[in-house]
Amino acid sequence: MIDVILFQPEIPQNTGNIGRICAFAGCKLHLIHPLGFEINDKNLRRAGMDYWKNLDVHEYSDWEEFQKSPAIPKRIHLLTTHATDSIWDATFKEGDGLLFGNEGHGAPEYIHQSVQGRIKIPQFRENLRSLNLAVSVGIATYEAIRQIQM
């Protein structure tokens, strides 16, 4: 349906919750290393619970390996607070990927330059930095699925 791509995630609980979202929604999860934790981290397992075993997860040593993989999505939308277009302006298609930078630094400039589009989740109050990564993945993933299934 839709792929979720995490660039160097740092917090195991976020990745566990995102894995749970992906398993529940039938989405493939791509993890681009280095990660800020071990996949066997107890916090990751606790957040992902028994959903982790039902997850279609792919791991890559770095961005270059990800880009060379035949498993990558056809089109990639980078979710970033620096975008001008929102997820409501985007047109999602089956096989697209949603790329999220890490919790501490987002995505580096070279990734911004290598994706097809940059989008953001609408923000209705100023002076707030960003949403939690797992919450952002849930919002964007389900908006993409909603569009695809219409």
# chains A, B, ... in the order shown; residues from 1 in each chain; ligands from 1

$ residues_around --residues "range 130-132 of chain A" --least-positions-apart "2" --cutoff "9 Å" --atoms "only C-alpha atoms" --output "ChimeraX atom specification"
/A:14,81,103,121,123,128,134-137

$ residues_around --residues "Ile145 in chain A" --least-positions-apart "6" --cutoff "9 Å" --atoms "only C-alpha atoms" --output "VMD selection string"
chain A and resid 1 to 2 25 92 to 94

$ write_last_selection --atoms "N, CA and C atoms" --output "short mmCIF file (atom, residue, chain, number, x, y, z; two decimals), in the first residue's frame"
data_model
loop_
_atom_site.label_atom_id
_atom_site.label_comp_id
_atom_site.auth_asym_id
_atom_site.auth_seq_id
_atom_site.Cartn_x
_atom_site.Cartn_y
_atom_site.Cartn_z
N MET A 1 0.83 -1.19 0.00
CA MET A 1 0.00 0.00 0.00
C MET A 1 0.87 1.25 0.00
N ILE A 2 1.53 1.52 1.13
CA ILE A 2 2.40 2.69 1.28
C ILE A 2 3.60 2.24 2.11
N ALA A 25 -1.47 -1.39 9.53
CA ALA A 25 -1.95 -0.80 8.28
C ALA A 25 -1.48 -1.56 7.03
N PHE A 92 -1.16 11.04 -3.18
CA PHE A 92 -0.47 9.79 -2.90
C PHE A 92 -0.98 8.69 -3.81
N LYS A 93 -0.06 7.80 -4.19
CA LYS A 93 -0.40 6.64 -5.01
C LYS A 93 0.14 5.39 -4.34
N GLU A 94 -0.50 4.27 -4.65
CA GLU A 94 -0.02 3.00 -4.12
C GLU A 94 1.45 2.82 -4.51
#

$ residues_around --residues "Glu65 in chain A" --least-positions-apart "4" --cutoff "10 Å" --atoms "only C-alpha atoms" --output "list in words"
Ile32, His33, Glu59, Tyr60, Ser61 and Ser69 of chain A

$ write_last_selection --atoms "C-alpha atoms" --output "CSV table (one decimal), in the first residue's frame"
chain,number,residue,atom,x,y,z
A,32,ILE,CA,18.1,3.4,7.5
A,33,HIS,CA,21.1,2.9,9.8
A,59,GLU,CA,17.1,-2.5,7.0
A,60,TYR,CA,19.9,-0.6,5.2
A,61,SER,CA,23.4,0.3,6.3
A,69,SER,CA,17.7,-1.4,-3.2

$ select_by_dssp --residues "range 8-143 of chain A" --states "alpha helix (DSSP H)" --output "ChimeraX atom specification"
/A:12-25,42-48,63-68,109-112,133-143

$ residues_around --residues "Ile76 in chain A" --least-positions-apart "5" --cutoff "8 Å" --atoms "only C-alpha atoms" --output "list in words"
Asp96, Gly97, Leu98, Leu99, Val115, Gln116 and Gly117 of chain A

$ write_last_selection --atoms "C-alpha atoms" --output "compact mmCIF listing (two decimals), in the first residue's frame"
# COMPACT_ATOMS: atom_id res chain seq x y z
CA ASP A 96 4.68 5.65 -2.59
CA GLY A 97 6.99 6.09 0.37
CA LEU A 98 6.80 8.48 3.30
CA LEU A 99 10.26 9.44 4.55
CA VAL A 115 13.38 13.15 -2.99
CA GLN A 116 10.45 13.91 -5.28
CA GLY A 117 8.53 16.06 -2.84

$ select_by_dssp --residues "chain A" --states "strand (DSSP E or B)" --output "PyMOL selection string"
chain A and resi 3-7+28-32+56-60+76-79+85-86+97-100+102+106+117-120

$ write_last_selection --atoms "N, CA and C atoms" --output "short mmCIF file (atom, residue, chain, number, x, y, z; two decimals), in the first residue's frame"
data_model
loop_
_atom_site.label_atom_id
_atom_site.label_comp_id
_atom_site.auth_asym_id
_atom_site.auth_seq_id
_atom_site.Cartn_x
_atom_site.Cartn_y
_atom_site.Cartn_z
N ASP A 3 4.76 2.78 1.85
CA ASP A 3 5.95 2.43 2.62
C ASP A 3 6.30 3.56 3.57
N VAL A 4 6.79 3.19 4.74
CA VAL A 4 7.26 4.16 5.73
C VAL A 4 8.77 3.99 5.82
N ILE A 5 9.49 5.10 5.71
CA ILE A 5 10.95 5.08 5.72
C ILE A 5 11.44 5.94 6.88
N LEU A 6 12.24 5.36 7.76
CA LEU A 6 12.80 6.11 8.87
C LEU A 6 14.30 6.26 8.66
N PHE A 7 14.75 7.51 8.60
CA PHE A 7 16.17 7.80 8.44
C PHE A 7 16.80 7.95 9.81
N LYS A 28 4.98 -1.45 4.53
CA LYS A 28 6.37 -1.88 4.66
C LYS A 28 7.14 -0.81 5.43
N LEU A 29 8.05 -1.23 6.31
CA LEU A 29 8.89 -0.31 7.07
C LEU A 29 10.34 -0.45 6.63
N HIS A 30 10.96 0.67 6.29
CA HIS A 30 12.38 0.72 5.92
C HIS A 30 13.13 1.46 7.02
N LEU A 31 14.18 0.86 7.55
CA LEU A 31 15.01 1.47 8.58
C LEU A 31 16.40 1.73 8.01
N ILE A 32 16.80 2.99 7.99
CA ILE A 32 18.11 3.36 7.47
C ILE A 32 19.04 3.63 8.64
N ASP A 56 6.67 -6.22 7.84
CA ASP A 56 7.56 -6.35 6.68
C ASP A 56 8.60 -5.23 6.81
N VAL A 57 9.73 -5.56 7.43
CA VAL A 57 10.75 -4.55 7.72
C VAL A 57 12.02 -4.83 6.92
N HIS A 58 12.61 -3.75 6.38
CA HIS A 58 13.84 -3.83 5.60
C HIS A 58 14.85 -2.87 6.23
N GLU A 59 16.09 -3.32 6.39
CA GLU A 59 17.12 -2.49 6.99
C GLU A 59 18.24 -2.23 5.99
N TYR A 60 18.82 -1.03 6.09
CA TYR A 60 19.88 -0.60 5.18
C TYR A 60 21.00 0.02 6.00
N ILE A 76 9.02 9.10 -3.38
CA ILE A 76 9.26 9.32 -1.96
C ILE A 76 8.88 10.76 -1.60
N HIS A 77 8.06 10.88 -0.58
CA HIS A 77 7.65 12.17 -0.04
C HIS A 77 8.36 12.35 1.30
N LEU A 78 9.16 13.39 1.43
CA LEU A 78 9.83 13.69 2.69
C LEU A 78 8.91 14.53 3.56
N LEU A 79 8.64 14.04 4.77
CA LEU A 79 7.86 14.81 5.74
C LEU A 79 8.81 15.69 6.51
N ASP A 85 4.13 22.78 1.21
CA ASP A 85 2.91 22.03 0.91
C ASP A 85 2.59 21.06 2.05
N SER A 86 1.30 20.86 2.29
CA SER A 86 0.90 19.96 3.37
C SER A 86 0.55 18.59 2.81
N GLY A 97 6.33 6.18 -0.92
CA GLY A 97 6.99 6.09 0.37
C GLY A 97 6.91 7.41 1.11
N LEU A 98 6.78 7.32 2.42
CA LEU A 98 6.80 8.48 3.30
C LEU A 98 8.09 8.42 4.10
N LEU A 99 8.95 9.40 3.92
CA LEU A 99 10.26 9.44 4.55
C LEU A 99 10.26 10.42 5.71
N PHE A 100 10.77 9.96 6.85
CA PHE A 100 10.84 10.77 8.05
C PHE A 100 12.28 10.83 8.54
N ASN A 102 15.19 11.80 11.56
CA ASN A 102 15.22 11.33 12.94
C ASN A 102 14.72 12.38 13.92
N GLY A 106 16.16 15.64 12.18
CA GLY A 106 15.41 15.59 10.92
C GLY A 106 16.21 14.88 9.85
N GLY A 117 9.35 15.02 -3.42
CA GLY A 117 8.53 16.06 -2.84
C GLY A 117 8.75 16.20 -1.35
N ARG A 118 8.50 17.41 -0.86
CA ARG A 118 8.59 17.69 0.57
C ARG A 118 7.22 18.17 1.02
N ILE A 119 6.71 17.56 2.07
CA ILE A 119 5.40 17.91 2.59
C ILE A 119 5.44 17.98 4.11
N LYS A 120 4.42 18.60 4.67
CA LYS A 120 4.36 18.73 6.13
C LYS A 120 2.95 18.43 6.61
#

$ closest_residue --among "A:Pro34, A:Ala71, A:Ala83, A:Tyr51" --to "Gly16 in chain A" --atoms "only C-alpha atoms"
A:Tyr51
